[in-house]
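*Asks:* Dropping the structure in here first, questions after.
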Amino acid sequence: METKLIIVGGTKGGPGKSTVAQQVAAGLQLKRGQKVHITDIDIQQTTTSWCEERRNNKNLDLIAFSYIENDIVKHLQSLNGRYEYIVVDAGGFDSEIQREAMLIADIVLLPLRPKRRDLKSLRDLDTVLESVKSSNPEVQIRAVLNQCPSLPSQVSRILSSKDIIESFGIKCAPTNIYTRNVYDDAEEAGRSIFEMKGKDRDKKAESEIEELVDYLMSLEVQ
Ligand SMILES: Nc1ncnc2c1ncn2[C@@H]1O[C@H](COP(=O)(O)OP(=O)(O)O)[C@@H](O)[C@H]1O
Ligand SMILES: [Mg+2]
């Protein structure tokens, strides 16, 4: 089994790394039938708690997971061949462990809000990404805009954010993730957005995550 390694990272706290990592992992496993492992390397362990909640709920599909503080390369290599995808939720700062994981990643996914503070973090990220690219030239680095405002009057904000990101030589995923309560509600309940029922379901959220998942899956054939 060929294993693809996706690092969901960046240097900042709050743009939605854990949310994106969780929902992408769930989309890959529940919607695309991929065998997925989640590795949390953030000391806050947001995603570890989410995975533990899932494990304690018999109605939810188990997604394999681990929390790792060091020896990340050894850990990831030990999982190699056992999963189709490993999704890593990285911490909100430029840590050694995040760099090490990026050095062997197939895809680095950077959630960013269309906000100045997030876009400014690209300046610090730039040097990190340059060194990652020089040692791992095959890596596919993509930004994904998260927590986008859905008001039509804010569309230009999203477009100009994309321009700024691309001015750093970073491609953006074509799918934007919008601010939707379901992301918060699902995380709170230890669920993915695909496991919300009745009026709690949000089909637009489901479509955007599925689109992002398909895009990430398509990257590997290039
Ligand atoms: N698209 C979104 N819509 C609504 N809330 C979101 C969205 N993405 C993230 N959030 C919320 O924002 C907060 C921070 O997200 P989180 O994934 O923990 O960020 P990070 O891991 O980058 O620090 C959480 O409360 C999360 O539920
Ligand atoms: Mg997090």
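Residue numbers start at 1 in each chain; chains themselves are named A, B, ... in the order of the structure tokens; ligands are numbered from 1 in the order shown.
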Determine, using only C-alpha atoms and all ligand atoms, which residues of chain A have any atom at most 7 Å from an atom of ligand 1, and tabulate each with its shortest atom pair and distance in Å to one decimal place, rows ordered by chain and then rising number, as JSON lines.

*Replies:*
```
{"residue": "A:Lys12", "atom": "CA", "partner": "ligand 1", "partner_atom_place_in_ligand_line": "22 (O)", "distance": 6.7}
{"residue": "A:Gly13", "atom": "CA", "partner": "ligand 1", "partner_atom_place_in_ligand_line": "23 (O)", "distance": 4.0}
{"residue": "A:Gly14", "atom": "CA", "partner": "ligand 1", "partner_atom_place_in_ligand_line": "23 (O)", "distance": 3.4}
{"residue": "A:Pro15", "atom": "CA", "partner": "ligand 1", "partner_atom_place_in_ligand_line": "22 (O)", "distance": 4.2}
{"residue": "A:Gly16", "atom": "CA", "partner": "ligand 1", "partner_atom_place_in_ligand_line": "17 (O)", "distance": 3.2}
{"residue": "A:Lys17", "atom": "CA", "partner": "ligand 1", "partner_atom_place_in_ligand_line": "22 (O)", "distance": 3.7}
{"residue": "A:Ser18", "atom": "CA", "partner": "ligand 1", "partner_atom_place_in_ligand_line": "17 (O)", "distance": 3.7}
{"residue": "A:Thr19", "atom": "CA", "partner": "ligand 1", "partner_atom_place_in_ligand_line": "17 (O)", "distance": 3.7}
{"residue": "A:Val20", "atom": "CA", "partner": "ligand 1", "partner_atom_place_in_ligand_line": "17 (O)", "distance": 6.4}
{"residue": "A:Thr46", "atom": "CA", "partner": "ligand 1", "partner_atom_place_in_ligand_line": "18 (O)", "distance": 6.8}
{"residue": "A:Gly92", "atom": "CA", "partner": "ligand 1", "partner_atom_place_in_ligand_line": "23 (O)", "distance": 6.0}
{"residue": "A:Asn146", "atom": "CA", "partner": "ligand 1", "partner_atom_place_in_ligand_line": "1 (N)", "distance": 5.3}
{"residue": "A:Gln147", "atom": "CA", "partner": "ligand 1", "partner_atom_place_in_ligand_line": "1 (N)", "distance": 4.1}
{"residue": "A:Cys148", "atom": "CA", "partner": "ligand 1", "partner_atom_place_in_ligand_line": "1 (N)", "distance": 7.0}
{"residue": "A:Ile177", "atom": "CA", "partner": "ligand 1", "partner_atom_place_in_ligand_line": "1 (N)", "distance": 5.5}
{"residue": "A:Tyr178", "atom": "CA", "partner": "ligand 1", "partner_atom_place_in_ligand_line": "1 (N)", "distance": 4.9}
{"residue": "A:Thr179", "atom": "CA", "partner": "ligand 1", "partner_atom_place_in_ligand_line": "3 (N)", "distance": 3.4}
{"residue": "A:Arg180", "atom": "CA", "partner": "ligand 1", "partner_atom_place_in_ligand_line": "3 (N)", "distance": 4.1}
{"residue": "A:Asn181", "atom": "CA", "partner": "ligand 1", "partner_atom_place_in_ligand_line": "4 (C)", "distance": 5.2}
{"residue": "A:Val182", "atom": "CA", "partner": "ligand 1", "partner_atom_place_in_ligand_line": "4 (C)", "distance": 6.9}
{"residue": "A:Tyr183", "atom": "CA", "partner": "ligand 1", "partner_atom_place_in_ligand_line": "4 (C)", "distance": 5.1}
{"residue": "A:Asp184", "atom": "CA", "partner": "ligand 1", "partner_atom_place_in_ligand_line": "27 (O)", "distance": 3.7}
{"residue": "A:Glu187", "atom": "CA", "partner": "ligand 1", "partner_atom_place_in_ligand_line": "27 (O)", "distance": 6.2}
```

*Asks:* Using only N, CA and C atoms, please write the residues we just selected to a file, as a PDB file, in the first residue's frame.

*Replies:*
```
ATOM      1  N   LYS A  12       1.003  29.761  12.536  1.00  0.00           N
ATOM      2  CA  LYS A  12       0.083  30.524  13.380  1.00  0.00           C
ATOM      3  C   LYS A  12      -0.977  29.664  14.055  1.00  0.00           C
ATOM      4  N   GLY A  13      -1.459  30.107  15.227  1.00  0.00           N
ATOM      5  CA  GLY A  13      -2.571  29.426  15.883  1.00  0.00           C
ATOM      6  C   GLY A  13      -3.884  30.020  15.410  1.00  0.00           C
ATOM      7  N   GLY A  14      -4.877  29.198  15.254  1.00  0.00           N
ATOM      8  CA  GLY A  14      -6.226  29.690  15.014  1.00  0.00           C
ATOM      9  C   GLY A  14      -6.799  29.670  13.614  1.00  0.00           C
ATOM     10  N   PRO A  15      -5.994  29.478  12.541  1.00  0.00           N
ATOM     11  CA  PRO A  15      -6.598  29.533  11.209  1.00  0.00           C
ATOM     12  C   PRO A  15      -7.462  28.311  10.882  1.00  0.00           C
ATOM     13  N   GLY A  16      -7.309  27.254  11.653  1.00  0.00           N
ATOM     14  CA  GLY A  16      -8.151  26.079  11.421  1.00  0.00           C
ATOM     15  C   GLY A  16      -7.367  24.843  11.021  1.00  0.00           C
ATOM     16  N   LYS A  17      -6.133  24.746  11.478  1.00  0.00           N
ATOM     17  CA  LYS A  17      -5.333  23.559  11.121  1.00  0.00           C
ATOM     18  C   LYS A  17      -6.000  22.293  11.637  1.00  0.00           C
ATOM     19  N   SER A  18      -6.406  22.319  12.914  1.00  0.00           N
ATOM     20  CA  SER A  18      -7.002  21.107  13.490  1.00  0.00           C
ATOM     21  C   SER A  18      -8.327  20.784  12.808  1.00  0.00           C
ATOM     22  N   THR A  19      -9.127  21.808  12.575  1.00  0.00           N
ATOM     23  CA  THR A  19     -10.421  21.605  11.913  1.00  0.00           C
ATOM     24  C   THR A  19     -10.232  20.993  10.529  1.00  0.00           C
ATOM     25  N   VAL A  20      -9.329  21.592   9.763  1.00  0.00           N
ATOM     26  CA  VAL A  20      -9.102  21.099   8.398  1.00  0.00           C
ATOM     27  C   VAL A  20      -8.517  19.684   8.432  1.00  0.00           C
ATOM     28  N   THR A  46      -5.534  19.023  20.414  1.00  0.00           N
ATOM     29  CA  THR A  46      -6.935  19.230  20.026  1.00  0.00           C
ATOM     30  C   THR A  46      -7.464  18.025  19.251  1.00  0.00           C
ATOM     31  N   GLY A  92       0.815  25.272  16.250  1.00  0.00           N
ATOM     32  CA  GLY A  92       0.671  26.630  15.726  1.00  0.00           C
ATOM     33  C   GLY A  92       1.943  27.436  15.744  1.00  0.00           C
ATOM     34  N   ASN A 146      -9.526  29.375   4.780  1.00  0.00           N
ATOM     35  CA  ASN A 146     -10.517  28.868   5.728  1.00  0.00           C
ATOM     36  C   ASN A 146     -11.167  30.047   6.439  1.00  0.00           C
ATOM     37  N   GLN A 147     -12.352  29.772   6.990  1.00  0.00           N
ATOM     38  CA  GLN A 147     -13.130  30.798   7.691  1.00  0.00           C
ATOM     39  C   GLN A 147     -13.375  31.993   6.777  1.00  0.00           C
ATOM     40  N   CYS A 148     -13.732  31.687   5.532  1.00  0.00           N
ATOM     41  CA  CYS A 148     -14.071  32.754   4.590  1.00  0.00           C
ATOM     42  C   CYS A 148     -15.445  33.308   4.927  1.00  0.00           C
ATOM     43  N   ILE A 177     -12.926  27.271   2.133  1.00  0.00           N
ATOM     44  CA  ILE A 177     -13.766  26.784   3.234  1.00  0.00           C
ATOM     45  C   ILE A 177     -14.367  28.017   3.913  1.00  0.00           C
ATOM     46  N   TYR A 178     -15.679  28.017   4.051  1.00  0.00           N
ATOM     47  CA  TYR A 178     -16.382  29.178   4.602  1.00  0.00           C
ATOM     48  C   TYR A 178     -16.621  29.019   6.110  1.00  0.00           C
ATOM     49  N   THR A 179     -16.884  30.132   6.747  1.00  0.00           N
ATOM     50  CA  THR A 179     -17.243  30.096   8.171  1.00  0.00           C
ATOM     51  C   THR A 179     -18.636  29.490   8.293  1.00  0.00           C
ATOM     52  N   ARG A 180     -18.720  28.365   8.957  1.00  0.00           N
ATOM     53  CA  ARG A 180     -20.018  27.697   9.140  1.00  0.00           C
ATOM     54  C   ARG A 180     -20.045  27.092  10.540  1.00  0.00           C
ATOM     55  N   ASN A 181     -21.188  27.229  11.185  1.00  0.00           N
ATOM     56  CA  ASN A 181     -21.309  26.725  12.559  1.00  0.00           C
ATOM     57  C   ASN A 181     -21.035  25.236  12.658  1.00  0.00           C
ATOM     58  N   VAL A 182     -21.325  24.510  11.596  1.00  0.00           N
ATOM     59  CA  VAL A 182     -21.191  23.050  11.661  1.00  0.00           C
ATOM     60  C   VAL A 182     -19.764  22.621  12.005  1.00  0.00           C
ATOM     61  N   TYR A 183     -18.770  23.422  11.604  1.00  0.00           N
ATOM     62  CA  TYR A 183     -17.382  23.028  11.906  1.00  0.00           C
ATOM     63  C   TYR A 183     -17.137  23.053  13.409  1.00  0.00           C
ATOM     64  N   ASP A 184     -17.672  24.079  14.034  1.00  0.00           N
ATOM     65  CA  ASP A 184     -17.540  24.218  15.475  1.00  0.00           C
ATOM     66  C   ASP A 184     -18.376  23.154  16.188  1.00  0.00           C
ATOM     67  N   GLU A 187     -16.906  19.503  15.795  1.00  0.00           N
ATOM     68  CA  GLU A 187     -15.686  19.333  16.614  1.00  0.00           C
ATOM     69  C   GLU A 187     -16.063  19.146  18.082  1.00  0.00           C
TER      70      GLU A 187
END
```

*Asks:* Where does DSSP see strand (DSSP E or B) in region 29-221 of chain A, if you list the residues as a VMD selection string?

*Replies:* chain A and resid 36 to 40 64 to 67 85 to 89 107 to 112 140 to 145 148 171 to 172 178

*Asks:* Take CA of Pro149 (chain A) and CA of Lys199 (chain A) and report the distance between them in Å, one decimal.

*Replies:*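 About the pair CA of Pro149 (chain A) and CA of Lys199 (chain A): they are 21.7 Å apart.
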
*Asks:* Using Å and a single decimal, report how far CA of Ile107 (chain A) sits from CA of Ile141 (chain A).

*Replies:*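 Going from CA of Ile141 (chain A) over to CA of Ile107 (chain A) covers 5.8 Å.
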
*Asks:* List the spatial neighbours of Arg191 (chain A) as a ChimeraX atom specification - criterion: any atom at most 12 Å away, only C-alpha atoms, same-chain residues fewer than 3 positions off excluded.

*Replies:* /A:19,22-23,25-27,30,47,49-63,182-188,194-197,200-201

*Asks:* How would the residues just chosen look if you wrote them out with N, CA and C atoms as a CSV table (one decimal), in the first residue's frame?

*Replies:*
```csv
chain,number,residue,atom,x,y,z
A,19,THR,N,-9.1,21.8,12.6
A,19,THR,CA,-10.4,21.6,11.9
A,19,THR,C,-10.2,21.0,10.5
A,22,GLN,N,-8.9,17.4,10.7
A,22,GLN,CA,-9.9,16.4,11.1
A,22,GLN,C,-10.9,16.2,10.0
A,23,GLN,N,-11.4,17.2,9.4
A,23,GLN,CA,-12.4,17.0,8.4
A,23,GLN,C,-11.9,16.4,7.1
A,25,ALA,N,-9.3,14.3,7.0
A,25,ALA,CA,-9.1,12.9,7.4
A,25,ALA,C,-10.4,12.1,7.3
A,26,ALA,N,-11.5,12.7,7.9
A,26,ALA,CA,-12.8,12.1,7.9
A,26,ALA,C,-13.3,11.9,6.5
A,27,GLY,N,-13.1,13.0,5.7
A,27,GLY,CA,-13.6,12.9,4.3
A,27,GLY,C,-12.9,11.8,3.5
A,30,LEU,N,-14.3,8.4,5.3
A,30,LEU,CA,-15.7,8.1,5.3
A,30,LEU,C,-16.3,8.3,3.9
A,47,THR,N,-6.7,17.6,18.3
A,47,THR,CA,-7.1,16.5,17.4
A,47,THR,C,-7.1,15.2,18.2
A,49,SER,N,-7.8,14.7,21.3
A,49,SER,CA,-9.1,14.7,22.1
A,49,SER,C,-10.2,14.4,21.2
A,50,TRP,N,-10.3,14.9,20.0
A,50,TRP,CA,-11.3,14.7,19.1
A,50,TRP,C,-11.4,13.2,18.7
A,51,CYS,N,-10.2,12.6,18.4
A,51,CYS,CA,-10.1,11.2,18.1
A,51,CYS,C,-10.5,10.3,19.2
A,52,GLU,N,-10.1,10.7,20.5
A,52,GLU,CA,-10.5,9.9,21.6
A,52,GLU,C,-12.0,9.9,21.8
A,53,GLU,N,-12.6,11.1,21.6
A,53,GLU,CA,-14.0,11.1,21.8
A,53,GLU,C,-14.7,10.2,20.7
A,54,ARG,N,-14.2,10.2,19.6
A,54,ARG,CA,-14.7,9.3,18.5
A,54,ARG,C,-14.6,7.8,18.9
A,55,ARG,N,-13.4,7.5,19.5
A,55,ARG,CA,-13.2,6.1,19.9
A,55,ARG,C,-14.1,5.7,21.0
A,56,ASN,N,-14.6,6.6,21.8
A,56,ASN,CA,-15.5,6.3,22.9
A,56,ASN,C,-16.9,6.3,22.5
A,57,ASN,N,-17.2,6.7,21.2
A,57,ASN,CA,-18.6,6.7,20.7
A,57,ASN,C,-18.7,5.6,19.7
A,58,LYS,N,-19.5,4.5,20.1
A,58,LYS,CA,-19.6,3.3,19.2
A,58,LYS,C,-20.3,3.6,17.9
A,59,ASN,N,-21.0,4.7,17.8
A,59,ASN,CA,-21.7,5.0,16.6
A,59,ASN,C,-20.8,5.7,15.5
A,60,LEU,N,-19.6,6.0,15.9
A,60,LEU,CA,-18.7,6.7,15.0
A,60,LEU,C,-17.6,5.7,14.5
A,61,ASP,N,-17.3,5.8,13.3
A,61,ASP,CA,-16.2,5.0,12.7
A,61,ASP,C,-14.9,5.4,13.4
A,62,LEU,N,-14.1,4.4,13.8
A,62,LEU,CA,-12.8,4.7,14.4
A,62,LEU,C,-11.8,5.2,13.3
A,63,ILE,N,-11.2,6.3,13.6
A,63,ILE,CA,-10.1,6.8,12.7
A,63,ILE,C,-8.8,6.6,13.6
A,182,VAL,N,-21.3,24.5,11.6
A,182,VAL,CA,-21.2,23.0,11.7
A,182,VAL,C,-19.8,22.6,12.0
A,183,TYR,N,-18.8,23.4,11.6
A,183,TYR,CA,-17.4,23.0,11.9
A,183,TYR,C,-17.1,23.1,13.4
A,184,ASP,N,-17.7,24.1,14.0
A,184,ASP,CA,-17.5,24.2,15.5
A,184,ASP,C,-18.4,23.2,16.2
A,185,ASP,N,-19.6,23.0,15.7
A,185,ASP,CA,-20.5,22.0,16.4
A,185,ASP,C,-20.0,20.6,16.2
A,186,ALA,N,-19.5,20.2,15.1
A,186,ALA,CA,-19.0,18.9,14.8
A,186,ALA,C,-17.8,18.6,15.7
A,187,GLU,N,-16.9,19.5,15.8
A,187,GLU,CA,-15.7,19.3,16.6
A,187,GLU,C,-16.1,19.1,18.1
A,188,GLU,N,-17.0,19.9,18.5
A,188,GLU,CA,-17.5,19.9,19.9
A,188,GLU,C,-18.1,18.5,20.3
A,194,PHE,N,-19.6,15.0,8.4
A,194,PHE,CA,-20.3,14.0,7.7
A,194,PHE,C,-21.1,13.1,8.6
A,195,GLU,N,-21.0,13.4,9.9
A,195,GLU,CA,-21.7,12.5,10.8
A,195,GLU,C,-22.8,13.3,11.6
A,196,MET,N,-23.1,14.5,11.1
A,196,MET,CA,-24.1,15.3,11.7
A,196,MET,C,-25.5,14.8,11.2
A,197,LYS,N,-26.5,14.9,12.0
A,197,LYS,CA,-27.8,14.4,11.6
A,197,LYS,C,-28.9,15.5,11.5
A,200,ASP,N,-28.9,19.5,11.9
A,200,ASP,CA,-27.5,19.9,12.2
A,200,ASP,C,-26.6,19.7,11.0
A,201,ARG,N,-27.1,19.0,10.0
A,201,ARG,CA,-26.3,18.8,8.8
A,201,ARG,C,-26.1,20.0,8.0
```

*Asks:* What does the distance from CA of Val144 (chain A) to CA of Ser78 (chain A) come to in Å, to one decimal?

*Replies:*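 Result for CA of Val144 (chain A) versus CA of Ser78 (chain A): 28.7 Å, one decimal.
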